[in-house]
Amino acid sequence: MQYRTLGRTGVQVSSLALGAMNFGRIGRTTQAEATAIVDVALEAGVNVIDTADMYGDGESEEMVGKAIAGRRDDIVLATKAGMPIGNERNHQGSSRRWLVTELEASLRRLGVDHVDLYQIHRWDPNTGDEETLSALTDLQRAGKIRYFGSSTFPAHRIVQAQWAAREHHLSRYVTEQPSYSLLQRGIEAHVLPVTQEYGLGVLVWSPLASGWLSGAIREGRDITTHRSALMPERFDTALPANRARLEAVERLTGIAEEAGLTLIQLALGFVTAHPGVTSALIGPRTTDHLHAQLAAADTVLTADVLDAIDEVVAPGTDLAAHEKFDTPPALLDPSLRRR
């Protein structure tokens, strides 16, 4: 396992981090299976576990808490808040009211007195930076969180939050968690230059592109992955974006085979090769999935392999830009771009 410093915090974290979204109802992973996954990951040198309040409506946090009982001090524990929980209109977003309430709920579910990294799951356009940063700073000073970060923020919002922290003399976001993979490279053009400029740690999610880079999806085969059953439109190869992904996967598989690697090793080795990336979040549903992903822990791609990848998916390019979660609201809602 490789280790990197998380931004400018001084905290050493593994280059592969364990994402717990699949723990519970989303991935149909039982407590016993989740604990076994945590056991294998920790034994392999993984020291970061990332979850969120909305994964299974808190079920993931509860399962993580049980799995790490008795060894919490050896783990950099991260969770997130901000996505809607239930139907109550104020049970979402990044207001002080909600963050203070929801952190307490997360701590109860995790069975801990603090988390190492508390992340705002998505940018909340209804809440000002000062409101959110002041609440997070107070929670940090109270000892309930050690650091805080953002997740899937547009580049301009990352910059604005850094300036707001400086202007109001508040603690700042020290990490960002964006989506990044061989098929979705858009953050290379805007987010990663900003995070590097401000010295943020970067924990990337979906490095296997929701299973497209797992090795299970190939030309001529039926797509029967767990994720394709949940989101069939993202795997319908009659759609142009999905055809482009499938064609890229075929070419990338050839590059991996020529380099003596699995497609998973190529995919994880690619994202962790970028100097702006600290760790890649892997989200296995089974220990078999985890072992296949851990095989990439020491993968280092040569320059010729990285150059070959660039020929398949150009730097800074998203093959499915419509699936990004950092699109400015005005591009999605016509009423916001009209007087």
# chains A, B, ... in the order shown; residues from 1 in each chain; ligands from 1
>>> residues_around(residues="A:Thr9", least_positions_apart="4", cutoff="10 Å", atoms="only C-alpha atoms", output="MDAnalysis selection string")
chainID A and resid 5 146:147 174:175 199:201
>>> select_by_dssp(residues="stretch 81-246 of chain A", states="strand (DSSP E or B)", output="list in words")
Ala81, Val115, Asp116, Leu117, Tyr118, Gln119, Ile120, Ile145, Arg146, Tyr147, Phe148, Gly149, Ser150, Ser151, Thr175, Glu176, Gln177, Ser179, Gln184, Gly201, Val202, Leu203, Val204 and Trp205 of chain A
>>> closest_residue(among="A:Leu182, A:Leu18, A:Leu42, A:Leu239", to="A:Thr317", atoms="only C-alpha atoms")
A:Leu182
>>> closest_residue(among="A:Pro284, A:Pro154, A:Gly211, A:Arg243", to="A:Leu230", atoms="only C-alpha atoms")
A:Gly211
>>> atom_distance(atom1="atom CA of A:His91", atom2="atom CA of A:Gln162")
25.6 Å
>>> residues_around(residues="A:Tyr180", least_positions_apart="4", cutoff="9 Å", atoms="only C-alpha atoms", output="VMD selection string")
chain A and resid 184 to 188 204 to 209 271 280
>>> select_by_dssp(residues="stretch 105-308 of chain A", states="helix (DSSP H, G or I)", output="PyMOL selection string")
chain A and resi 105-110+129-141+155-168+186-188+191-198+209-211+226-230+232-235+240-258+263-273+287-294+303-308
